[in-house]
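Structure record follows, encoded as structure tokens.
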Amino acid sequence: MREVDVAIVGAGPAGLFAAYYAGFRGMSIAVIDALPEAGGQVTAMYPEKVIYDVAGFPSIKGRDLVANLVAQAAPFSPEYLLGTRAEKLSYVDGRPLLGLATGEELHCGSIIITGGLGSFTPRPLPAADAFVGEGIVFFVPRLADLADQDVLIVGGGDSAFDWALALEPLARSVTLVHRREKFRAHASTVARVRDLPVRIMVNAEVTTIHGDGRVAGADITVKGGGTETVRADSVVAALGFTADLGPLAEWGLELDKRHIMVDSTMATNRPRIFAAGDITEYPGKVRLIATGFGEAATAVNNAAIVIDPAAHLFPGHSSDAG
């Protein structure tokens with residue numbers, strides 16, 4: 001059993017900023033996430049998408065925002081336990097004992113949950129069930145990996161059209177297939193894709209994936225029509241994700257659907273357990289990355305006085321430490 005001042009469950013933007021702020025307050029930090037890379041939903045779902053509503057950045061790619069947050073926390077040496085699920089919560093001597101899927105246990109001064117949507121898994125592409133090989137992905141961590149490829153995108157939501165916009169300049173060809181005629185994506189994004197040399201097939205489904213160890217093509221069946229085989233080196237199944245709280249649902253937290261209820265200090269109903277970011281719920285909650293940053297700082301500062309009652313709630317301005 002190891003000791004840590006603050007265990008942060010979730011390595012998305014709110015969790016990474018919480019790691020910085022806990023380090024700024026002189027705490028030892030462990031950051032835990034079931035995903036293999038830091039960045040949470042941003043890294044998994046839209047690393048190349050431009051974000052416009054982060055204060056101080058007129059625009060910034062998701063990947064760059066995550067890299068900056070990791071660099072900001074780096075001077076305080078947080079320990080990253082990635083690809084690891086936080087599973088069990090108990091208490092020893094009044095302090096949380098966090099059990100990990102690896103069997104390791106962390107005795108924590110406090111826990112801050114910043115898990116975004118909770119655990120999320122991609123919706124499967126049925127046609128891929130019978131295919132054994134590479135080339136089927138649910139998101140694209142590096143656009144360059146699909147350069148000069150024939151890319152088939154399946155889906156009609158924002159992610160599908162975002163990938164089409166991002167990949168069209170790099171790929172040899174881009175084909176987008178959607179099972180309905182209407183799209184869920186924002187109308188302006190759809191219009192931008194329609195202006196590009198992207199083939200859009202509606203009322204259509206991918207019925208078979210071809211390839212020997214690697215995707216080489218796919219059969220697309222149009223409703224009321226025939227089946228066409230198209231060339232594809234990669235298939236991006238942008239069909240969305242399902243999310244749930246996973247083991248967190250068994251921690252005795254007060255929940256509102258998939259969200260954790262907190263008060264104005266970001267405290268939950270369990271002692272020494274705080275939460276911040278998209279996973280939280282309270283009257284007037286607005287789910288933005290910018291909001292999560294403020295909630296993370298609030299959670300850390302209030303955790304600090306729980307861990308050490310002699311500490312001050314407000315640590316002073318960071319500019320004073322320079």
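Residue numbers start at 1 in each chain; chains themselves are named A, B, ... in the order of the structure tokens; ligands are numbered from 1 in the order shown.
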
List as a VMD selection string the protein and nucleic acid residues near Gly211 of chain A, meaning an atom at most 10 Å away when only C-alpha atoms are counted, but skip any in the same chain fewer than 4 places from it. chain A and resid 131 to 135 215 to 218 232 to 233

Proximity of segment 36-65 of chain A to segment 16-26 of chain A: per-residue shortest pair, 12 Å limit, only C-alpha atoms, as CSV:
```
residue,atom,partner,partner_atom,distance
A:Glu37,CA,A:Leu16,CA,11.8
A:Ala38,CA,A:Leu16,CA,8.1
A:Gly39,CA,A:Leu16,CA,7.8
A:Gly40,CA,A:Leu16,CA,9.6
A:Val42,CA,A:Leu16,CA,12.0
A:Leu65,CA,A:Leu16,CA,10.5
```

Determine which residues of segment 28-112 of chain A receive a DSSP assignment of strand (DSSP E or B), computed from the backbone, and state them as a PyMOL selection string. chain A and resi 29-33+50-51+60-61+79-82+86-92+95-100+105-112

Tell me which protein, DNA and RNA residues are within 12 Å of Thr102 of chain A, counting only C-alpha atoms, leaving out same-chain ones fewer than 3 positions away, and put them as a list in words.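 Using only C-alpha atoms, the neighbours found are Ile32, Ala34, Leu81, Leu82, Gly83, Thr84, Arg85, Ala86, Glu87, Lys88, Leu98, Gly99, Glu105 and Leu106 of chain A.
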
Quick one: write out the picked residues with C-alpha atoms as a tab-separated table (two decimals), in the first residue's frame?
```
chain	number	residue	atom	x	y	z
A	32	ILE	CA	-5.11	7.19	-12.98
A	34	ALA	CA	-8.19	3.39	-18.00
A	81	LEU	CA	-0.91	5.18	-13.93
A	82	LEU	CA	-2.39	4.85	-17.44
A	83	GLY	CA	-4.15	1.82	-18.85
A	84	THR	CA	-5.23	1.21	-15.26
A	85	ARG	CA	-8.77	1.26	-13.89
A	86	ALA	CA	-9.63	2.61	-10.46
A	87	GLU	CA	-11.92	-0.04	-9.01
A	88	LYS	CA	-12.51	-0.16	-5.25
A	98	LEU	CA	-8.11	3.23	-3.66
A	99	GLY	CA	-7.84	-0.25	-5.16
A	105	GLU	CA	-3.58	0.02	-3.45
A	106	LEU	CA	-3.15	3.76	-2.88
```
